[in-house]
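Data from protein-v1.tsv: TSV, C-alpha atoms and all ligand atoms
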```tsv
chain	number	residue	atom	x	y	z
A	1	MET	CA	103.04	277.21	97.12
A	2	ALA	CA	101.68	273.79	98.14
A	3	THR	CA	103.63	270.73	97.04
A	4	HIS	CA	101.47	268.00	95.54
A	5	LYS	CA	102.40	264.36	95.98
A	6	LEU	CA	102.06	262.52	92.70
A	7	LEU	CA	102.59	258.80	92.19
A	8	MET	CA	103.27	257.78	88.57
A	9	LEU	CA	102.48	254.20	87.61
A	10	PRO	CA	103.29	254.02	83.87
A	11	GLY	CA	102.52	250.28	83.52
A	12	ASP	CA	102.99	248.37	80.28
A	13	GLY	CA	103.01	248.82	76.49
A	14	ILE	CA	102.52	252.47	75.52
A	15	GLY	CA	101.98	253.40	79.21
A	16	PRO	CA	105.62	254.46	79.80
A	17	GLU	CA	105.76	256.33	76.45
A	18	VAL	CA	102.72	258.49	77.15
A	19	MET	CA	103.66	258.95	80.83
A	20	GLY	CA	107.05	260.26	79.65
A	21	GLN	CA	105.26	263.21	78.02
A	22	VAL	CA	103.45	264.00	81.27
A	23	GLU	CA	106.81	264.05	83.05
A	24	THR	CA	108.02	266.71	80.59
A	25	ILE	CA	104.91	268.78	81.27
A	26	VAL	CA	105.11	268.32	85.06
A	27	SER	CA	108.69	269.54	85.07
A	28	TRP	CA	107.68	272.51	82.89
A	29	PHE	CA	105.03	273.53	85.43
A	30	GLY	CA	107.63	273.07	88.19
A	31	LYS	CA	110.25	275.23	86.43
A	32	GLN	CA	107.72	278.00	85.78
A	33	GLY	CA	106.89	278.03	89.49
A	34	LEU	CA	103.22	277.44	88.58
A	35	ALA	CA	102.88	274.30	90.68
A	36	SER	CA	105.22	272.17	92.73
A	37	PHE	CA	105.21	268.38	92.67
A	38	GLU	CA	106.89	265.67	94.65
A	39	ILE	CA	107.01	262.69	92.32
A	40	GLU	CA	107.30	259.01	93.14
A	41	LYS	CA	107.31	256.24	90.56
A	42	GLY	CA	106.16	252.65	90.82
A	43	LEU	CA	105.31	249.55	88.83
A	44	VAL	CA	101.90	248.15	87.97
A	45	GLY	CA	100.53	245.39	85.76
A	46	GLY	CA	102.86	243.12	83.81
A	47	SER	CA	105.95	245.18	84.66
A	48	ALA	CA	105.16	244.76	88.38
A	49	TYR	CA	104.60	241.03	87.87
A	50	ASP	CA	108.01	240.71	86.20
A	51	ALA	CA	109.65	242.47	89.14
A	52	HIS	CA	107.61	241.24	92.14
A	53	LYS	CA	105.39	238.37	90.90
A	54	GLN	CA	102.29	240.44	91.69
A	55	ALA	CA	100.35	243.09	89.76
A	56	ILE	CA	101.24	245.79	92.28
A	57	SER	CA	103.58	245.52	95.26
A	58	GLU	CA	102.60	246.38	98.86
A	59	GLY	CA	105.24	249.14	98.77
A	60	ASP	CA	103.61	250.77	95.74
A	61	MET	CA	100.15	250.38	97.29
A	62	LYS	CA	101.44	252.28	100.32
A	63	LEU	CA	102.76	255.06	98.06
A	64	ALA	CA	99.33	255.18	96.36
A	65	GLN	CA	97.62	255.59	99.75
A	66	GLN	CA	99.95	258.46	100.61
A	67	ALA	CA	99.76	260.28	97.27
A	68	ASP	CA	97.48	263.26	96.56
A	69	ALA	CA	96.91	261.70	93.16
A	70	VAL	CA	97.94	258.58	91.28
A	71	LEU	CA	98.67	258.87	87.55
A	72	PHE	CA	98.16	255.50	85.87
A	73	GLY	CA	99.28	254.66	82.32
A	74	ALA	CA	97.94	251.32	81.04
A	75	VAL	CA	98.47	247.65	81.80
A	76	GLY	CA	98.46	244.32	79.98
A	77	GLY	CA	99.82	242.66	76.88
A	78	PRO	CA	100.35	239.25	75.28
A	79	LYS	CA	103.51	238.65	77.35
A	80	TRP	CA	101.35	238.15	80.46
A	81	ALA	CA	98.52	236.14	78.89
A	82	ASP	CA	99.36	233.06	80.98
A	83	VAL	CA	100.15	234.51	84.40
A	84	PRO	CA	97.98	233.18	87.27
A	85	TYR	CA	94.52	234.82	87.28
A	86	GLN	CA	95.00	236.67	90.57
A	87	HIS	CA	98.23	238.23	89.27
A	88	ARG	CA	96.96	239.24	85.82
A	89	PRO	CA	97.91	242.85	84.93
A	90	GLU	CA	94.38	244.31	85.46
A	91	ALA	CA	94.44	243.02	89.04
A	92	GLY	CA	96.77	245.93	89.87
A	93	LEU	CA	94.19	248.48	88.68
A	94	LEU	CA	91.31	246.69	90.43
A	95	ARG	CA	93.27	246.60	93.69
A	96	LEU	CA	93.99	250.34	93.45
A	97	ARG	CA	90.31	251.11	92.79
A	98	LYS	CA	89.19	248.90	95.67
A	99	ASP	CA	91.75	249.89	98.32
A	100	LEU	CA	91.52	253.61	97.54
A	101	GLY	CA	87.70	253.39	97.56
A	102	LEU	CA	87.40	255.03	94.13
A	103	PHE	CA	83.63	255.02	93.68
A	104	ALA	CA	83.19	257.90	91.24
A	105	ASN	CA	84.45	257.57	87.69
A	106	LEU	CA	84.56	260.81	85.70
A	107	ARG	CA	84.69	260.50	81.93
A	108	PRO	CA	84.65	263.78	80.04
A	109	ALA	CA	83.73	263.68	76.36
A	110	ILE	CA	85.15	266.81	74.77
A	111	CYS	CA	85.19	267.29	71.04
A	112	TYR	CA	87.90	269.74	70.03
A	113	PRO	CA	86.64	271.80	67.06
A	114	ALA	CA	89.69	270.76	65.02
A	115	LEU	CA	88.71	267.09	65.36
A	116	ALA	CA	84.97	267.36	64.73
A	117	SER	CA	85.39	265.78	61.31
A	118	ALA	CA	87.11	262.72	62.88
A	119	SER	CA	83.89	261.70	64.67
A	120	SER	CA	81.61	259.14	63.10
A	121	LEU	CA	78.73	261.61	63.65
A	122	LYS	CA	78.08	264.79	61.65
A	123	PRO	CA	80.46	267.63	62.66
A	124	GLU	CA	77.60	269.94	63.73
A	125	VAL	CA	76.38	267.29	66.17
A	126	VAL	CA	79.71	267.00	68.00
A	127	GLU	CA	81.68	270.21	67.41
A	128	GLY	CA	82.28	271.98	70.73
A	129	LEU	CA	80.82	269.08	72.72
A	130	ASP	CA	81.80	269.15	76.41
A	131	ILE	CA	79.93	266.67	78.58
A	132	LEU	CA	80.92	264.73	81.69
A	133	ILE	CA	79.72	261.25	82.57
A	134	VAL	CA	79.85	260.42	86.28
A	135	ARG	CA	79.68	256.65	86.65
A	136	GLU	CA	79.35	254.76	89.94
A	137	LEU	CA	82.32	252.38	89.95
A	138	THR	CA	82.26	250.13	93.01
A	139	GLY	CA	78.65	248.91	93.27
A	140	GLY	CA	75.80	247.60	91.18
A	141	VAL	CA	75.61	244.47	89.14
A	142	TYR	CA	79.38	243.89	88.93
A	143	PHE	CA	79.60	243.47	92.69
A	144	GLY	CA	76.06	242.54	93.87
A	145	GLU	CA	75.55	239.21	95.65
A	146	PRO	CA	74.32	236.58	94.93
A	147	LYS	CA	76.46	236.25	91.84
A	148	GLU	CA	76.58	232.63	90.77
A	149	ILE	CA	76.04	229.95	88.17
A	150	VAL	CA	74.21	226.93	89.58
A	151	THR	CA	73.46	223.61	87.86
A	152	LEU	CA	69.77	222.71	88.06
A	153	GLU	CA	68.29	219.22	88.52
A	154	ASP	CA	67.68	218.78	84.81
A	155	GLY	CA	71.36	219.57	84.10
A	156	SER	CA	70.72	223.07	82.72
A	157	LYS	CA	72.35	226.03	84.39
A	158	ARG	CA	71.02	229.21	85.96
A	159	GLY	CA	73.15	232.35	86.12
A	160	VAL	CA	72.39	235.10	88.64
A	161	ASP	CA	73.74	238.64	88.80
A	162	THR	CA	72.29	241.03	91.33
A	163	GLN	CA	71.72	244.73	90.70
A	164	LEU	CA	71.98	246.25	94.13
A	165	TYR	CA	72.38	249.80	95.45
A	166	THR	CA	71.94	251.29	98.91
A	167	THR	CA	70.74	254.88	99.44
A	168	PRO	CA	74.17	256.02	100.79
A	169	GLU	CA	75.82	254.68	97.62
A	170	ILE	CA	73.35	256.57	95.43
A	171	ASP	CA	73.64	259.73	97.53
A	172	ARG	CA	77.43	259.91	97.38
A	173	ILE	CA	77.72	259.47	93.60
A	174	CYS	CA	74.93	262.01	93.03
A	175	ARG	CA	76.61	264.48	95.37
A	176	VAL	CA	79.76	264.27	93.22
A	177	ALA	CA	77.66	264.92	90.09
A	178	PHE	CA	75.75	267.88	91.61
A	179	GLU	CA	78.96	269.46	92.96
A	180	LEU	CA	80.67	269.12	89.57
A	181	ALA	CA	77.63	270.51	87.75
A	182	ARG	CA	77.88	273.65	89.91
A	183	THR	CA	81.38	274.23	88.45
A	184	ARG	CA	80.10	273.72	84.88
A	185	ARG	CA	76.71	274.48	83.26
A	186	ASN	CA	74.74	273.54	86.39
A	187	LYS	CA	72.70	270.70	84.93
A	188	VAL	CA	72.55	267.04	85.93
A	189	SER	CA	70.84	264.35	83.87
A	190	SER	CA	70.29	261.23	85.91
A	191	ALA	CA	70.27	258.16	83.66
A	192	GLU	CA	68.54	255.40	85.59
A	193	LYS	CA	65.43	253.31	85.96
A	194	HIS	CA	64.40	254.50	89.45
A	195	LYS	CA	64.55	258.10	90.58
A	196	GLN	CA	63.33	258.29	94.17
A	197	THR	CA	66.68	258.75	95.98
A	198	VAL	CA	68.13	261.22	93.46
A	199	THR	CA	64.99	263.36	93.61
A	200	ALA	CA	65.05	263.45	97.42
A	201	LEU	CA	68.75	264.44	97.57
A	202	HIS	CA	68.22	267.12	94.92
A	203	ALA	CA	65.32	268.69	96.83
A	204	LYS	CA	67.27	268.64	100.08
A	205	ASP	CA	70.74	269.95	99.08
A	206	TYR	CA	70.96	270.81	95.38
A	207	ALA	CA	67.73	272.57	94.36
A	208	ASP	CA	69.85	275.26	92.61
A	209	VAL	CA	71.10	272.69	90.07
A	210	GLU	CA	68.84	271.77	87.17
A	211	LEU	CA	67.97	268.06	87.41
A	212	GLU	CA	66.36	265.92	84.76
A	213	HIS	CA	65.69	262.18	84.75
A	214	VAL	CA	66.26	260.21	81.61
A	215	LEU	CA	65.74	256.49	81.13
A	216	ALA	CA	69.14	254.93	80.47
A	217	ASP	CA	68.15	253.47	77.10
A	218	ASN	CA	66.78	256.81	75.94
A	219	CYS	CA	70.02	258.45	77.14
A	220	ALA	CA	72.04	256.13	74.86
A	221	MET	CA	69.83	257.22	71.95
A	222	GLN	CA	70.01	260.93	72.83
A	223	LEU	CA	73.80	260.73	73.08
A	224	VAL	CA	74.07	259.89	69.40
A	225	ARG	CA	71.15	262.13	68.37
A	226	TRP	CA	72.03	265.44	70.06
A	227	PRO	CA	74.70	265.02	72.79
A	228	LYS	CA	75.08	268.76	73.41
A	229	GLN	CA	71.79	268.74	75.38
A	230	TYR	CA	73.75	267.25	78.29
A	231	ASP	CA	76.17	268.74	80.83
A	232	VAL	CA	76.75	266.15	83.60
A	233	ILE	CA	75.22	262.67	83.27
A	234	VAL	CA	75.15	260.63	86.47
A	235	THR	CA	74.57	256.91	86.20
A	236	ASP	CA	75.22	253.52	87.76
A	237	ASN	CA	78.05	251.09	87.10
A	238	LEU	CA	76.44	249.00	84.35
A	239	PHE	CA	74.70	251.79	82.43
A	240	GLY	CA	77.81	253.93	82.92
A	241	ASP	CA	80.00	251.30	81.31
A	242	ILE	CA	77.90	251.50	78.17
A	243	LEU	CA	77.02	255.20	78.11
A	244	SER	CA	80.63	256.31	78.65
A	245	ASP	CA	81.79	254.22	75.71
A	246	VAL	CA	79.05	255.67	73.52
A	247	ALA	CA	80.09	259.17	74.57
A	248	ALA	CA	83.75	258.29	73.95
A	249	MET	CA	83.11	257.54	70.31
A	250	LEU	CA	81.56	260.97	69.77
A	251	THR	CA	85.00	262.51	70.12
A	252	GLY	CA	87.06	260.47	67.66
A	253	SER	CA	90.03	258.48	68.93
A	254	LEU	CA	90.72	256.40	72.03
A	255	GLY	CA	94.03	258.24	72.23
A	256	MET	CA	92.16	261.45	73.19
A	257	LEU	CA	90.15	260.30	76.22
A	258	PRO	CA	91.16	261.03	79.82
A	259	SER	CA	89.42	259.84	82.98
A	260	ALA	CA	89.45	260.29	86.74
A	261	SER	CA	88.32	258.03	89.57
A	262	LEU	CA	87.64	259.68	92.92
A	263	GLY	CA	87.08	258.39	96.44
A	264	ALA	CA	85.27	259.87	99.43
A	265	GLU	CA	86.31	263.26	100.83
A	266	ASP	CA	88.52	262.92	103.90
A	267	PRO	CA	86.63	264.96	106.56
A	268	ALA	CA	89.92	266.11	108.13
A	269	THR	CA	91.73	267.34	104.99
A	270	GLY	CA	88.86	267.76	102.51
A	271	LYS	CA	90.97	265.79	100.02
A	272	ARG	CA	89.81	262.78	98.04
A	273	LYS	CA	91.85	259.76	97.04
A	274	ALA	CA	92.17	259.94	93.26
A	275	LEU	CA	93.50	258.06	90.28
A	276	TYR	CA	93.80	259.53	86.78
A	277	GLU	CA	94.21	257.39	83.68
A	278	PRO	CA	93.64	257.44	79.95
A	279	VAL	CA	90.68	255.33	78.81
A	280	HIS	CA	92.81	253.38	76.33
A	281	GLY	CA	94.78	250.22	77.10
A	282	SER	CA	98.45	249.36	76.59
A	283	ALA	CA	98.12	249.14	72.77
A	284	PRO	CA	100.74	246.40	72.27
A	285	ASP	CA	100.31	246.75	68.47
A	286	ILE	CA	102.00	250.17	68.51
A	287	ALA	CA	104.09	249.98	71.71
A	288	GLY	CA	107.70	251.11	71.40
A	289	LYS	CA	107.17	252.70	67.97
A	290	GLY	CA	106.64	256.33	68.99
A	291	LEU	CA	103.13	256.21	67.49
A	292	ALA	CA	101.02	256.56	70.65
A	293	ASN	CA	98.94	259.69	71.09
A	294	PRO	CA	99.86	261.12	74.53
A	295	ILE	CA	96.85	263.49	74.71
A	296	ALA	CA	94.62	261.12	76.76
A	297	MET	CA	97.42	260.77	79.33
A	298	ILE	CA	98.21	264.50	79.34
A	299	GLY	CA	94.48	265.26	79.59
A	300	SER	CA	94.33	262.93	82.60
A	301	PHE	CA	97.06	265.01	84.25
A	302	ALA	CA	95.01	268.14	83.47
A	303	MET	CA	92.10	266.50	85.33
A	304	ALA	CA	94.43	265.88	88.30
A	305	LEU	CA	95.36	269.58	88.28
A	306	ARG	CA	91.66	270.47	88.32
A	307	TYR	CA	90.15	267.90	90.69
A	308	SER	CA	92.99	266.97	93.09
A	309	PHE	CA	95.21	270.04	93.19
A	310	GLY	CA	92.65	272.82	92.76
A	311	ALA	CA	94.98	274.27	90.10
A	312	ILE	CA	92.15	275.40	87.85
A	313	GLU	CA	94.18	277.97	85.92
A	314	ALA	CA	96.94	275.46	85.22
A	315	ALA	CA	94.34	272.90	84.08
A	316	ASP	CA	92.66	275.46	81.78
A	317	ARG	CA	96.05	276.41	80.40
A	318	LEU	CA	97.05	272.81	79.69
A	319	GLU	CA	93.69	271.96	78.07
A	320	GLY	CA	93.94	275.21	76.08
A	321	ALA	CA	97.44	274.22	74.92
A	322	ILE	CA	96.12	270.85	73.70
A	323	ALA	CA	93.35	272.65	71.76
A	324	ASP	CA	95.94	275.07	70.27
A	325	VAL	CA	98.16	272.22	69.09
A	326	LEU	CA	95.22	270.41	67.50
A	327	GLY	CA	94.05	273.71	65.99
A	328	SER	CA	97.47	274.14	64.36
A	329	GLY	CA	96.98	270.82	62.56
A	330	THR	CA	99.55	268.79	64.54
A	331	ARG	CA	98.38	265.17	64.64
A	332	THR	CA	99.61	261.79	65.79
A	333	LYS	CA	98.80	258.97	63.39
A	334	ASP	CA	95.56	257.89	65.10
A	335	ILE	CA	93.93	261.30	64.50
A	336	ALA	CA	95.64	262.25	61.22
A	337	ALA	CA	93.75	262.10	57.94
A	338	PRO	CA	94.79	259.08	55.84
A	339	GLY	CA	98.08	259.82	54.10
A	340	ALA	CA	98.66	263.09	56.04
A	341	ASN	CA	101.88	263.80	57.94
A	342	ALA	CA	101.86	262.62	61.55
A	343	VAL	CA	104.12	263.47	64.50
A	344	SER	CA	105.58	261.05	67.06
A	345	THR	CA	104.55	260.69	70.70
A	346	SER	CA	107.38	262.90	71.93
A	347	GLU	CA	106.90	265.48	69.17
A	348	MET	CA	103.27	265.82	70.26
A	349	GLY	CA	104.42	266.24	73.90
A	350	GLN	CA	106.92	268.90	72.87
A	351	ALA	CA	104.34	270.72	70.75
A	352	ILE	CA	102.06	270.93	73.81
A	353	VAL	CA	104.90	272.34	75.96
A	354	LYS	CA	105.57	274.96	73.24
A	355	ALA	CA	101.87	275.85	73.18
A	356	LEU	CA	101.92	276.19	77.00
A	357	GLU	CA	104.83	278.61	76.66
A	358	ALA	CA	103.09	280.55	73.91
A	359	ARG	CA	100.07	281.04	76.17
A	360	GLY	CA	102.38	283.22	78.31
B	1	LIG	P1	93.78	249.34	73.51
B	1	LIG	O1	93.07	250.52	74.03
B	1	LIG	O2	95.12	249.07	74.09
B	1	LIG	O3	93.95	249.50	71.92
B	1	LIG	C1	92.86	249.51	71.00
B	1	LIG	C2	93.32	250.17	69.70
B	1	LIG	O4	93.46	251.58	69.89
B	1	LIG	C3	94.67	249.67	69.20
B	1	LIG	O5	94.66	249.59	67.79
B	1	LIG	C4	95.65	250.72	69.66
B	1	LIG	O6	96.79	250.83	68.85
B	1	LIG	C5	94.79	251.99	69.60
B	1	LIG	N1	95.21	252.94	70.65
B	1	LIG	C6	94.96	252.84	71.99
B	1	LIG	N2	95.52	253.86	72.62
B	1	LIG	C7	96.12	254.64	71.69
B	1	LIG	C8	96.87	255.84	71.76
B	1	LIG	N3	97.12	256.49	72.91
B	1	LIG	N4	97.34	256.36	70.60
B	1	LIG	C9	97.09	255.76	69.43
B	1	LIG	N5	96.38	254.62	69.31
B	1	LIG	C10	95.91	254.05	70.43
B	1	LIG	O7	92.80	248.09	73.69
B	1	LIG	P2	93.06	246.53	73.41
B	1	LIG	O8	93.90	246.40	72.16
B	1	LIG	O9	91.75	245.92	73.47
B	1	LIG	O10	93.91	246.00	74.63
B	1	LIG	C11	95.34	245.91	74.65
B	1	LIG	C12	95.80	245.55	76.07
B	1	LIG	O11	95.45	246.61	76.96
B	1	LIG	C13	95.13	244.29	76.61
B	1	LIG	O12	96.08	243.57	77.35
B	1	LIG	C14	94.02	244.83	77.51
B	1	LIG	O13	93.71	243.94	78.55
B	1	LIG	C15	94.69	246.08	78.05
B	1	LIG	N6	93.75	247.14	78.50
B	1	LIG	C16	94.14	247.83	79.59
B	1	LIG	C17	93.39	248.89	80.06
B	1	LIG	C18	93.89	249.67	81.23
B	1	LIG	O14	95.06	249.56	81.56
B	1	LIG	N7	93.07	250.47	81.88
B	1	LIG	C19	92.20	249.25	79.38
B	1	LIG	C20	91.84	248.54	78.23
B	1	LIG	C21	92.63	247.48	77.79
```
Let me see whether you can do it: turn the structure in this file into structure tokens.
Amino acid sequence: MATHKLLMLPGDGIGPEVMGQVETIVSWFGKQGLASFEIEKGLVGGSAYDAHKQAISEGDMKLAQQADAVLFGAVGGPKWADVPYQHRPEAGLLRLRKDLGLFANLRPAICYPALASASSLKPEVVEGLDILIVRELTGGVYFGEPKEIVTLEDGSKRGVDTQLYTTPEIDRICRVAFELARTRRNKVSSAEKHKQTVTALHAKDYADVELEHVLADNCAMQLVRWPKQYDVIVTDNLFGDILSDVAAMLTGSLGMLPSASLGAEDPATGKRKALYEPVHGSAPDIAGKGLANPIAMIGSFAMALRYSFGAIEAADRLEGAIADVLGSGTRTKDIAAPGANAVSTSEMGQAIVKALEARG
């Protein structure tokens, strides 16, 4: 059995609490002999600043480069509001994304049947929803040059942001989307304003996958009208920022949303650099109270099993266990009906381990 190298960076606030539940699950998989992990731990964000005066140390960056996958909790909090800009907690995450070349952001939006009524949309619109947004993460308007604010002769100012993509950048993100679609329902919806490069790549290498083009603004509308029409949506950095948040809200709570960021495939090993993290932040308002929902973090580990370790059965089993627990009515406070009983972070983790065991 292959041993997978996993680097855990719990971070700040609720990060360590939710990561603790993943540790329980990782050791369960280890004990069952279903997968074997070599685990390192490091600091990121405010906790790294407290220890090293930077948002991630060189030593931890090296561990991240060597890992098969990085599991990231969350960073930030009021304690670090005044640290120098270059050392602010998010700088640790941005450095990881940049140095590991994580250009593909995968954001699944899955609506567990038991939570359909928690969505702000009608249950029939979201129940059973399972879509995947593939967002380009290292290009586009957030990085394009020129990016500047200049003062004009009359004293007014002119701001410039540049939307810029090269064909190799478009090709590589679309390849990720087409490959993933082949493992799902085999359909890619490309949400964009220009479709030349995507169409050419599709004709050349992915004609077996259904491809449709949808204008990004229409895609936002369709996502709240009838999201189940989609399987994989591929989109750029700016549109992806917006569309993935729209899709997130279809499923209920921030505490439920996992994500993955992948880099290029290493031609020698076939492996990609990868970082897995919940979509939520460090939630300082509930940190240390045992109230955090660990499902987004545990779901992120399930994505690591699927996309970095090729452990598809283990990933299915873990996602199935989460669905079982939700089906049994177990809820943390963020997803419980008002006034209903809620379990703590660790009780939710333990319930998922029990459900894993019950799945045999
Ligand atoms: P947040 O996601 O931390 O919290 C928003 C709300 O959702 C809060 O009410 C919080 O209690 C709730 N929430 C979030 N995760 C939850 C969970 N797992 N279970 C139950 N409830 C949960 O966003 P914010 O309040 O805007 O930001 C707080 C801090 O986190 C800030 O310092 C921000 O910069 C940082 N942040 C970090 C990341 C990251 O690390 N990737 C992402 C977003 C925000």
Can you tell me which residues sit at most 6 Å away from ligand LIG 1 (chain B), counting all atoms listed in the file, written as a PyMOL selection string? chain A and resi 74-77+254-255+280-286+292-294+334
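The closest residue to Pro10 (chain A), picked from A:Met348, A:Val44, A:Ala342, A:Met221 and counting only C-alpha atoms, is A:Val44.
The shortest atom-to-atom distance to Gly92 (chain A), with all atoms listed in the file taken into account, belongs to A:Ser47 out of A:Asn105, A:Gln66, A:Ser47, A:Gln32.
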Restrict the calculation to all atoms listed in the file, then for each residue of region 102-145 of chain A with any atom at most 12 Å from an atom of region 185-203 of chain A give the closest atom pair and their distance in Å to one decimal, rows by chain and rising residue number, as a tab-separated table.
```
residue	atom	partner	partner_atom	distance
A:Asp130	CA	A:Arg185	CA	10.1
A:Ile131	CA	A:Arg185	CA	9.7
A:Leu132	CA	A:Val188	CA	9.7
A:Ile133	CA	A:Ser189	CA	9.5
A:Val134	CA	A:Ser190	CA	9.6
A:Arg135	CA	A:Ala191	CA	10.0
A:Glu136	CA	A:Ala191	CA	11.6
```
List every protein, DNA or RNA residue that has at least one atom no more than 10 Å from (86.5, 260.5, 68.5) in the file's coordinates, counting only C-alpha atoms, and write the result as a list in words. Ala109, Ile110, Cys111, Tyr112, Leu115, Ala116, Ser117, Ala118, Ser119, Ser120, Leu121, Val126, Ala247, Ala248, Met249, Leu250, Thr251, Gly252, Ser253, Leu254, Gly255, Met256, Leu257 and Ile335 of chain A
Which is closest to Gly329 (chain A) among A:Leu215, A:Leu43, A:Ala114, A:Ile298, if we use all atoms listed in the file?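 Closest to Gly329 (chain A) of all the choices is A:Ala114.
The space separating CA of Asp236 (chain A) from CA of Pro168 (chain A) comes to 13.3 Å.
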Calculated over only C-alpha atoms, which of the candidates A:Arg182, A:Lys289, A:Lys271, A:Arg306 has the smallest distance to Asp231 (chain A)?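 Selected residue with least distance to Asp231 (chain A): A:Arg182.
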Can you work out which one of A:Arg225, A:Arg95, A:His4, A:Arg88 has the shortest atom-to-atom distance to Gly310 (chain A), counting all atoms listed in the file?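 Of A:Arg225, A:Arg95, A:His4, A:Arg88, the one nearest Gly310 (chain A), counting all atoms listed in the file, is A:His4.
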I'd like the neighbourhood of Ser259 (chain A) as a PyMOL selection string, where a residue qualifies if any of its atoms comes within 12 Å (using only C-alpha atoms), though same-chain residues fewer than 6 positions away should be ignored. chain A and resi 70-73+104-110+132-135+244-245+248+274-280+295-304+307
By how many Å are CA of Glu38 (chain A) and CA of Phe309 (chain A) apart?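 So the answer is 12.6 Å.
For the choices A:Glu313, A:Asp161, A:Glu127, A:Glu58, the atom-to-atom distance to Pro146 (chain A) is smallest for A:Asp161 when using only C-alpha atoms.
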